[in-house]
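> Dropping the structure in here first, questions after.
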Amino acid sequence: EKSVSEKWYDQRGWQKLLHFEPGLFGKLTGQVDSPQFYLSAERTLQTEMEGLIQKLKADVTVPEVQSTWCLFPARVSYLKKRSPNLNWPKVACPKFQKYEEALRGQSLSLVFSSYYLNNPSSAFGHTFLRINKFPSAEGKRYELLDYGINFAANQDSTNPLVYTFNGLFGGFEGRFSSIPYYYKVREYANAEKRDLWEYELNFDEKDVKYFIEHIWELGPNYIDYWYLTENCSYHMLSILEVLKPELNLLARLKFDVIPTDTVMVVWSEPGLVKGFYFRPSIRTEFLKRYEKLTQIERSAFLHIIRDRKIPDLSEFSPQQQANILDAGMDWVDSEFAQQVQEPNSPESKFKAEILTARSKVNFVTDTLIVTPPVDGEPHLSHASRRWGLGYLHTAESGNFGLFNYRFALHDFLDPQLGYPSYAEILFLDFGFSYSDRTKKLESERVGLFEVISLSPWTEVYRRWSWRLYVGSDRFRNQNCDFCHGFQVSYGAGVSKTWDAFPQLTGYLGMRFTGIGFYSAEPNARAELQAGPNLLLRFNWSRSFQTTVEGLWKDNFKERNRYQREWTIGTQLSGNDQNFGTRLVLKDYGFDKYVGLQWIGYH
């Protein structure tokens with residue numbers, strides 16, 4: 001018995017198995033918040049080891065639902081591996097054995113689900129692990145029969161304020177779940193139209209067995225979910241360290257954990273990733289199929305989706321009919337992923353009509369091959385945090401030194417590689433300036449968050465683009481050059497891309513802004529502004545971007561009612577994407593400025 005417990009609690013594998021990590025002052029603390037996960041009141045690595053051994057000796061004949069042998073199979077395996085010559089009793093755990101048999105597999109993959117702007121909790125993407133099942137007797141792999149292991153917040157409120165507060169301050173219980181992979185594909189790739197990137201990891205069958213044992217231990221328990229820190233991505237890495245304690249992945253994360261950072265940490269670990277695979281969403285598959293249609297085939301397809309009925313296709317060849325109807329089925333699945341699951345819904349009946357028409361066409365369509373988007377690999381993205389150091393000159397106020405720091409994630413001037421070309425997502429973006437005249441350090445910007453979604457308006461997808469910003473800024477206008485105010489800004493409009501010039505995206509819409517000034521200047525007061533907003537984005541290459549933005553504002557005052565702003569920004573980044581040079585020119589009508597910054601990502 002002495003040989004069982006002697007100093008094994010000091011090993012890193014035991015620490016990781018119990019999810020003990022350094023706290024604020026460096027002390028190792030258990031991160032699992034369910035009281036039943038730990039076996040001792042002291043909650044130290046030593047007392048947990050001693051408590052486990054005592055309970056194992058006492059629980060040999062205890063019923064399965066209460067038996068330590070059945071509740072903590074990974075800890076039992078940990079002890080058995082270090083003392084294989086002991087005469088270990090055989091304890092039956094039928095429920096766990098059934099669970100283990102259902103999930104049993106040969107390897108693991110890390111899956112990244114791409115950005116989803118319609119859900120704040122998924123705006124930065126999502127990561128989970130997948131157990132890769134053994135091939136069939138014929139040697140074929142059926143990925144949809146794999147199991148996904150997910151960690152997510154157990155949300156008990158739909159109120160956006162409550163959701164935000166609980167998400168930021170650990171108010172939700174985070175729980176692990178094991179779900180058939182086809183459910184995850186249906187949720188992400190179909191319902192939410194998110195592409196999946198699958199990274200096969202260098203773990204073998206024994207590692208998978210230990211992984212399943214550990215997930216069983218975690219299943220009934222919870223960990224407080226922190227949206228910025230202890231989130232889905234953090235705990236995917238914490239489990240990988242359980243399987244291979246020699247890994248040091250968590251130490252390479254920043255305080256705030258972004259899913260793409262997790263992917264990059266895993267990708268950069270030597271020997272950990274065997275390869276990566278791209279699983280397109282149903283929307284990506286549809287767009288690929290639509291892209292292959294001829295103009296006359298597109299015309300017939302558009303009649304189908306707009307009239308919601310099958311036109312006479314007898315003038316088309318069997319191959320053309322197949323192309324049109326195949327695109328129609330993909331469009332219905334893409335647009336109505338939830339509704340087509342309901343047997344009596346109009347969308348389900350419409351899909352059945354298309355299927356019936358397709359069954360009458362004697363033509364076998366070739367397998368659709370969708371290649372990964374060019375420069376879309378998330379593991380090659382620039383790091384989420386960014387700093388900037390530079391110089392600003394204004395005609396009216398002189399020269400300033402500039403400093404900027406952003407916690408996450410990506411704007412339109414950042415290197416494009418690995419990020420969606422249509423989206424800008426900023427979180428906690430801080431800017432400061434130092435004036436050579438006043439010798440004061442001023443806050444230029446405290447951006448809480450900004451989201452811009454430029455969904456192109458096409459003949460198939462007629463959707464509004466939108467933008468939202470919440471933060472505190474320094475305002476320059478005719479009445480006040482050093483005013484600071486808190487603003488909420490929202491805009492909506494139409495975006496467009498052109499086949500002849502795909503590097504260009506244009507947006508035109510209306511923007512509404514409410515500002516509450518809190519500066520001491522007498523002219524500072526609350527304002528409501530509204531006016532048209534033009535945005536042009538030129539994506540010259542993965543490392544060279546330019547934006548042109550025009551904003552016309554009516555502040556609804558008698559004096560100086562109308563204002564206009566023009567901004568031109570461009571950034572040239574290095575091939576390694578770690579650094580860039582950004583130039584910004586602004587024209588306020590009454591003042592002009594030029595800013596030059598050296599940008600770094602980390």
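Every chain in the structure tokens has a letter given in the order shown (A, B, ...), and although residue numbers restart at 1 in each chain, ligands are simply numbered from 1 in the order shown.
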Among stretch 158-226 of chain A, which ones does DSSP assign to strand (DSSP E or B) (computed from the backbone)? Answer as a list of chain:residue names.

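Residues of stretch 158-226 of chain A classed as strand (DSSP E or B): A:Phe172, A:Glu173, A:Gly174, A:Arg175, A:Phe176, A:Ser177, A:Ser178, A:Ile179, A:Pro180, A:Leu196, A:Trp197, A:Glu198, A:Tyr199, A:Glu200, A:Leu201, A:Ile223, A:Asp224, A:Tyr225.
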
> Create the file for the chosen residues now, containing N, CA, C and O atoms and written as a PDB file, in the first residue's frame.


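Listing of out.pdb after writing:
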ATOM      1  N   PHE A 172     -22.091  31.125 -15.147  1.00  0.00           N
ATOM      2  CA  PHE A 172     -22.689  29.931 -15.729  1.00  0.00           C
ATOM      3  C   PHE A 172     -21.895  28.692 -15.330  1.00  0.00           C
ATOM      4  O   PHE A 172     -20.683  28.755 -15.135  1.00  0.00           O
ATOM      5  N   GLU A 173     -22.591  27.580 -15.241  1.00  0.00           N
ATOM      6  CA  GLU A 173     -21.907  26.308 -15.052  1.00  0.00           C
ATOM      7  C   GLU A 173     -21.466  25.787 -16.419  1.00  0.00           C
ATOM      8  O   GLU A 173     -22.259  25.672 -17.341  1.00  0.00           O
ATOM      9  N   GLY A 174     -20.196  25.482 -16.533  1.00  0.00           N
ATOM     10  CA  GLY A 174     -19.676  24.875 -17.747  1.00  0.00           C
ATOM     11  C   GLY A 174     -19.629  23.368 -17.591  1.00  0.00           C
ATOM     12  O   GLY A 174     -19.113  22.864 -16.593  1.00  0.00           O
ATOM     13  N   ARG A 175     -20.167  22.652 -18.564  1.00  0.00           N
ATOM     14  CA  ARG A 175     -20.233  21.195 -18.457  1.00  0.00           C
ATOM     15  C   ARG A 175     -19.711  20.534 -19.729  1.00  0.00           C
ATOM     16  O   ARG A 175     -19.868  21.064 -20.838  1.00  0.00           O
ATOM     17  N   PHE A 176     -19.112  19.359 -19.533  1.00  0.00           N
ATOM     18  CA  PHE A 176     -18.669  18.532 -20.647  1.00  0.00           C
ATOM     19  C   PHE A 176     -19.818  17.632 -21.093  1.00  0.00           C
ATOM     20  O   PHE A 176     -20.605  17.161 -20.280  1.00  0.00           O
ATOM     21  N   SER A 177     -19.864  17.394 -22.384  1.00  0.00           N
ATOM     22  CA  SER A 177     -20.881  16.501 -22.931  1.00  0.00           C
ATOM     23  C   SER A 177     -20.272  15.711 -24.076  1.00  0.00           C
ATOM     24  O   SER A 177     -19.369  16.182 -24.773  1.00  0.00           O
ATOM     25  N   SER A 178     -20.753  14.505 -24.272  1.00  0.00           N
ATOM     26  CA  SER A 178     -20.335  13.658 -25.391  1.00  0.00           C
ATOM     27  C   SER A 178     -21.526  13.492 -26.324  1.00  0.00           C
ATOM     28  O   SER A 178     -22.579  12.993 -25.916  1.00  0.00           O
ATOM     29  N   ILE A 179     -21.364  13.944 -27.563  1.00  0.00           N
ATOM     30  CA  ILE A 179     -22.469  14.022 -28.511  1.00  0.00           C
ATOM     31  C   ILE A 179     -22.029  13.402 -29.832  1.00  0.00           C
ATOM     32  O   ILE A 179     -20.908  13.647 -30.293  1.00  0.00           O
ATOM     33  N   PRO A 180     -22.870  12.576 -30.465  1.00  0.00           N
ATOM     34  CA  PRO A 180     -22.509  12.050 -31.790  1.00  0.00           C
ATOM     35  C   PRO A 180     -22.110  13.179 -32.732  1.00  0.00           C
ATOM     36  O   PRO A 180     -22.743  14.242 -32.768  1.00  0.00           O
ATOM     37  N   LEU A 196     -16.037  23.734 -40.821  1.00  0.00           N
ATOM     38  CA  LEU A 196     -15.322  23.036 -39.763  1.00  0.00           C
ATOM     39  C   LEU A 196     -13.915  22.690 -40.238  1.00  0.00           C
ATOM     40  O   LEU A 196     -13.727  22.203 -41.357  1.00  0.00           O
ATOM     41  N   TRP A 197     -12.946  22.954 -39.361  1.00  0.00           N
ATOM     42  CA  TRP A 197     -11.553  22.579 -39.613  1.00  0.00           C
ATOM     43  C   TRP A 197     -11.167  21.532 -38.585  1.00  0.00           C
ATOM     44  O   TRP A 197     -11.236  21.775 -37.382  1.00  0.00           O
ATOM     45  N   GLU A 198     -10.756  20.352 -39.066  1.00  0.00           N
ATOM     46  CA  GLU A 198     -10.501  19.205 -38.206  1.00  0.00           C
ATOM     47  C   GLU A 198      -8.999  18.910 -38.189  1.00  0.00           C
ATOM     48  O   GLU A 198      -8.399  18.648 -39.244  1.00  0.00           O
ATOM     49  N   TYR A 199      -8.415  18.940 -36.990  1.00  0.00           N
ATOM     50  CA  TYR A 199      -6.980  18.722 -36.824  1.00  0.00           C
ATOM     51  C   TYR A 199      -6.758  17.379 -36.126  1.00  0.00           C
ATOM     52  O   TYR A 199      -7.044  17.242 -34.934  1.00  0.00           O
ATOM     53  N   GLU A 200      -6.270  16.388 -36.879  1.00  0.00           N
ATOM     54  CA  GLU A 200      -6.023  15.075 -36.287  1.00  0.00           C
ATOM     55  C   GLU A 200      -4.767  15.144 -35.418  1.00  0.00           C
ATOM     56  O   GLU A 200      -3.697  15.582 -35.885  1.00  0.00           O
ATOM     57  N   LEU A 201      -4.894  14.690 -34.165  1.00  0.00           N
ATOM     58  CA  LEU A 201      -3.826  14.809 -33.190  1.00  0.00           C
ATOM     59  C   LEU A 201      -3.093  13.474 -33.019  1.00  0.00           C
ATOM     60  O   LEU A 201      -3.637  12.406 -33.302  1.00  0.00           O
ATOM     61  N   ILE A 223     -17.613  23.144 -14.135  1.00  0.00           N
ATOM     62  CA  ILE A 223     -16.552  24.128 -13.930  1.00  0.00           C
ATOM     63  C   ILE A 223     -17.142  25.485 -14.275  1.00  0.00           C
ATOM     64  O   ILE A 223     -17.765  25.634 -15.338  1.00  0.00           O
ATOM     65  N   ASP A 224     -16.993  26.447 -13.401  1.00  0.00           N
ATOM     66  CA  ASP A 224     -17.525  27.784 -13.687  1.00  0.00           C
ATOM     67  C   ASP A 224     -16.997  28.261 -15.046  1.00  0.00           C
ATOM     68  O   ASP A 224     -15.788  28.233 -15.309  1.00  0.00           O
ATOM     69  N   TYR A 225     -17.929  28.700 -15.895  1.00  0.00           N
ATOM     70  CA  TYR A 225     -17.582  29.082 -17.264  1.00  0.00           C
ATOM     71  C   TYR A 225     -17.281  30.581 -17.320  1.00  0.00           C
ATOM     72  O   TYR A 225     -18.134  31.411 -16.987  1.00  0.00           O
TER      73      TYR A 225
END

> Residues at most 7 Å from A:Phe486, counting only C-alpha atoms, excluding those fewer than 4 positions away in the same chain, as a list in words?

Gly471, Ser472, Asp473, Ile515, Gly516 and Phe517 of chain A

> Residues as selected, N, CA, C and O atoms, written as an mmCIF file, in the first residue's frame, can you do that?


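Below is the file out_17.cif, written as the result:
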data_model
loop_
_atom_site.group_PDB
_atom_site.id
_atom_site.type_symbol
_atom_site.label_atom_id
_atom_site.label_comp_id
_atom_site.auth_asym_id
_atom_site.auth_seq_id
_atom_site.Cartn_x
_atom_site.Cartn_y
_atom_site.Cartn_z
ATOM 1 N N GLY A 471 -18.586 52.038 -27.118
ATOM 2 C CA GLY A 471 -17.317 52.422 -26.508
ATOM 3 C C GLY A 471 -17.272 53.892 -26.171
ATOM 4 O O GLY A 471 -18.234 54.644 -26.359
ATOM 5 N N SER A 472 -16.127 54.321 -25.661
ATOM 6 C CA SER A 472 -15.881 55.712 -25.294
ATOM 7 C C SER A 472 -14.790 56.257 -26.199
ATOM 8 O O SER A 472 -13.719 55.645 -26.329
ATOM 9 N N ASP A 473 -15.039 57.420 -26.809
ATOM 10 C CA ASP A 473 -14.104 57.961 -27.797
ATOM 11 C C ASP A 473 -13.835 59.437 -27.545
ATOM 12 O O ASP A 473 -14.615 60.138 -26.887
ATOM 13 N N ILE A 515 -24.527 59.784 -28.466
ATOM 14 C CA ILE A 515 -23.307 60.129 -27.717
ATOM 15 C C ILE A 515 -23.689 60.856 -26.436
ATOM 16 O O ILE A 515 -24.474 61.811 -26.453
ATOM 17 N N GLY A 516 -23.150 60.387 -25.343
ATOM 18 C CA GLY A 516 -23.285 61.087 -24.073
ATOM 19 C C GLY A 516 -21.941 61.634 -23.645
ATOM 20 O O GLY A 516 -21.071 60.876 -23.200
ATOM 21 N N PHE A 517 -21.720 62.944 -23.819
ATOM 22 C CA PHE A 517 -20.419 63.538 -23.493
ATOM 23 C C PHE A 517 -20.251 63.647 -21.983
ATOM 24 O O PHE A 517 -21.187 63.967 -21.256
#

> Would you kindly return, as a ChimeraX atom specification, each protein, DNA or RNA residue with an atom no farther than 10 Å from any atom of stretch 255-260 of chain A, considering only C-alpha atoms and excluding same-chain residues fewer than 2 positions away?

/A:112-115,122,124-128,226-234,236,250-253,262-266,378-385,407-409,418-419

> Pick the closest to A:Lys288 from A:Arg82, A:Asp591, A:Phe336, A:Thr371: which is it, counting only C-alpha atoms?

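Distance minimum relative to A:Lys288 lands on A:Thr371.
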
> Excluding A:Asn555 and its own-chain neighbours fewer than 6 positions away, which residues fall within 10 Å of it when counting only C-alpha atoms? Please give them as a PyMOL selection string.

chain A and resi 513-514+526-531+561-563

> Go ahead and write the selection's residues with N, CA and C atoms as a PDB file, in the first residue's frame.


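Dumped to selection06.pdb:
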ATOM      1  N   THR A 513     -26.029  57.168 -34.330  1.00  0.00           N
ATOM      2  CA  THR A 513     -25.113  57.224 -33.197  1.00  0.00           C
ATOM      3  C   THR A 513     -25.687  58.084 -32.087  1.00  0.00           C
ATOM      4  N   GLY A 514     -25.675  57.544 -30.886  1.00  0.00           N
ATOM      5  CA  GLY A 514     -26.017  58.320 -29.701  1.00  0.00           C
ATOM      6  C   GLY A 514     -24.779  58.529 -28.848  1.00  0.00           C
ATOM      7  N   ALA A 526     -24.939  65.944 -24.869  1.00  0.00           N
ATOM      8  CA  ALA A 526     -25.421  64.752 -25.554  1.00  0.00           C
ATOM      9  C   ALA A 526     -25.827  65.078 -26.982  1.00  0.00           C
ATOM     10  N   GLU A 527     -25.626  64.112 -27.865  1.00  0.00           N
ATOM     11  CA  GLU A 527     -25.973  64.292 -29.266  1.00  0.00           C
ATOM     12  C   GLU A 527     -26.567  63.009 -29.823  1.00  0.00           C
ATOM     13  N   LEU A 528     -27.448  63.191 -30.792  1.00  0.00           N
ATOM     14  CA  LEU A 528     -27.939  62.087 -31.600  1.00  0.00           C
ATOM     15  C   LEU A 528     -27.597  62.400 -33.040  1.00  0.00           C
ATOM     16  N   GLN A 529     -26.867  61.498 -33.683  1.00  0.00           N
ATOM     17  CA  GLN A 529     -26.412  61.731 -35.049  1.00  0.00           C
ATOM     18  C   GLN A 529     -26.947  60.635 -35.963  1.00  0.00           C
ATOM     19  N   ALA A 530     -27.165  60.997 -37.212  1.00  0.00           N
ATOM     20  CA  ALA A 530     -27.609  60.027 -38.207  1.00  0.00           C
ATOM     21  C   ALA A 530     -27.189  60.506 -39.584  1.00  0.00           C
ATOM     22  N   GLY A 531     -26.889  59.540 -40.453  1.00  0.00           N
ATOM     23  CA  GLY A 531     -26.511  59.906 -41.806  1.00  0.00           C
ATOM     24  C   GLY A 531     -26.009  58.726 -42.594  1.00  0.00           C
ATOM     25  N   ARG A 561     -25.131  71.968 -38.190  1.00  0.00           N
ATOM     26  CA  ARG A 561     -25.862  70.703 -38.123  1.00  0.00           C
ATOM     27  C   ARG A 561     -25.140  69.584 -38.842  1.00  0.00           C
ATOM     28  N   TYR A 562     -24.594  69.873 -40.008  1.00  0.00           N
ATOM     29  CA  TYR A 562     -24.074  68.801 -40.858  1.00  0.00           C
ATOM     30  C   TYR A 562     -22.558  68.674 -40.719  1.00  0.00           C
ATOM     31  N   GLN A 563     -22.118  67.443 -40.598  1.00  0.00           N
ATOM     32  CA  GLN A 563     -20.692  67.152 -40.535  1.00  0.00           C
ATOM     33  C   GLN A 563     -20.384  66.027 -41.517  1.00  0.00           C
TER      34      GLN A 563
END

> Can you list, as a ChimeraX atom specification, every residue of stretch 251-361 of chain A that DSSP puts in alpha helix (DSSP H)?

/A:259-268,282-291,295-307,318-335,346-359

> Extract, using only C-alpha atoms, all DNA, RNA and protein residues at most 12 Å from A:Val446, discarding same-chain residues fewer than 3 positions from it, and format them as a PDB file with C-alpha atoms, in the first residue's frame.


ATOM      1  CA  ASN A 404      -2.881  51.413 -29.192  1.00  0.00           C
ATOM      2  CA  TYR A 405      -3.591  48.024 -27.621  1.00  0.00           C
ATOM      3  CA  ARG A 406      -6.338  45.592 -28.649  1.00  0.00           C
ATOM      4  CA  PHE A 407      -7.183  42.358 -26.878  1.00  0.00           C
ATOM      5  CA  LEU A 426     -12.956  43.993 -32.137  1.00  0.00           C
ATOM      6  CA  PHE A 427     -13.018  43.528 -28.378  1.00  0.00           C
ATOM      7  CA  LEU A 428     -11.402  45.836 -25.799  1.00  0.00           C
ATOM      8  CA  ASP A 429      -9.601  48.179 -28.164  1.00  0.00           C
ATOM      9  CA  PHE A 430      -7.686  50.949 -26.338  1.00  0.00           C
ATOM     10  CA  GLY A 431      -6.011  54.012 -27.880  1.00  0.00           C
ATOM     11  CA  PHE A 432      -4.012  56.833 -26.234  1.00  0.00           C
ATOM     12  CA  GLU A 442      -5.293  61.619 -23.534  1.00  0.00           C
ATOM     13  CA  SER A 443      -7.601  58.677 -24.119  1.00  0.00           C
ATOM     14  CA  PHE A 449     -16.629  45.925 -28.852  1.00  0.00           C
ATOM     15  CA  GLU A 450     -17.238  46.518 -32.544  1.00  0.00           C
ATOM     16  CA  TYR A 469     -20.022  49.758 -31.925  1.00  0.00           C
ATOM     17  CA  VAL A 470     -20.076  50.441 -28.184  1.00  0.00           C
ATOM     18  CA  GLY A 471     -17.317  52.422 -26.508  1.00  0.00           C
ATOM     19  CA  SER A 472     -15.881  55.712 -25.294  1.00  0.00           C
ATOM     20  CA  ASP A 473     -14.104  57.961 -27.797  1.00  0.00           C
ATOM     21  CA  ARG A 474     -12.440  61.318 -28.179  1.00  0.00           C
ATOM     22  CA  HIS A 484     -14.822  62.590 -24.645  1.00  0.00           C
ATOM     23  CA  GLY A 485     -18.089  60.718 -24.764  1.00  0.00           C
ATOM     24  CA  PHE A 486     -19.634  57.302 -24.539  1.00  0.00           C
ATOM     25  CA  GLN A 487     -21.302  56.252 -27.760  1.00  0.00           C
TER      26      GLN A 487
END

> From the set A:Val60, A:Leu596, A:Ile282, A:Ile568, which residue has the shortest atom-to-atom contact distance to A:Leu392, counting only C-alpha atoms?

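For A:Leu392, the nearest of the candidates is A:Leu596.
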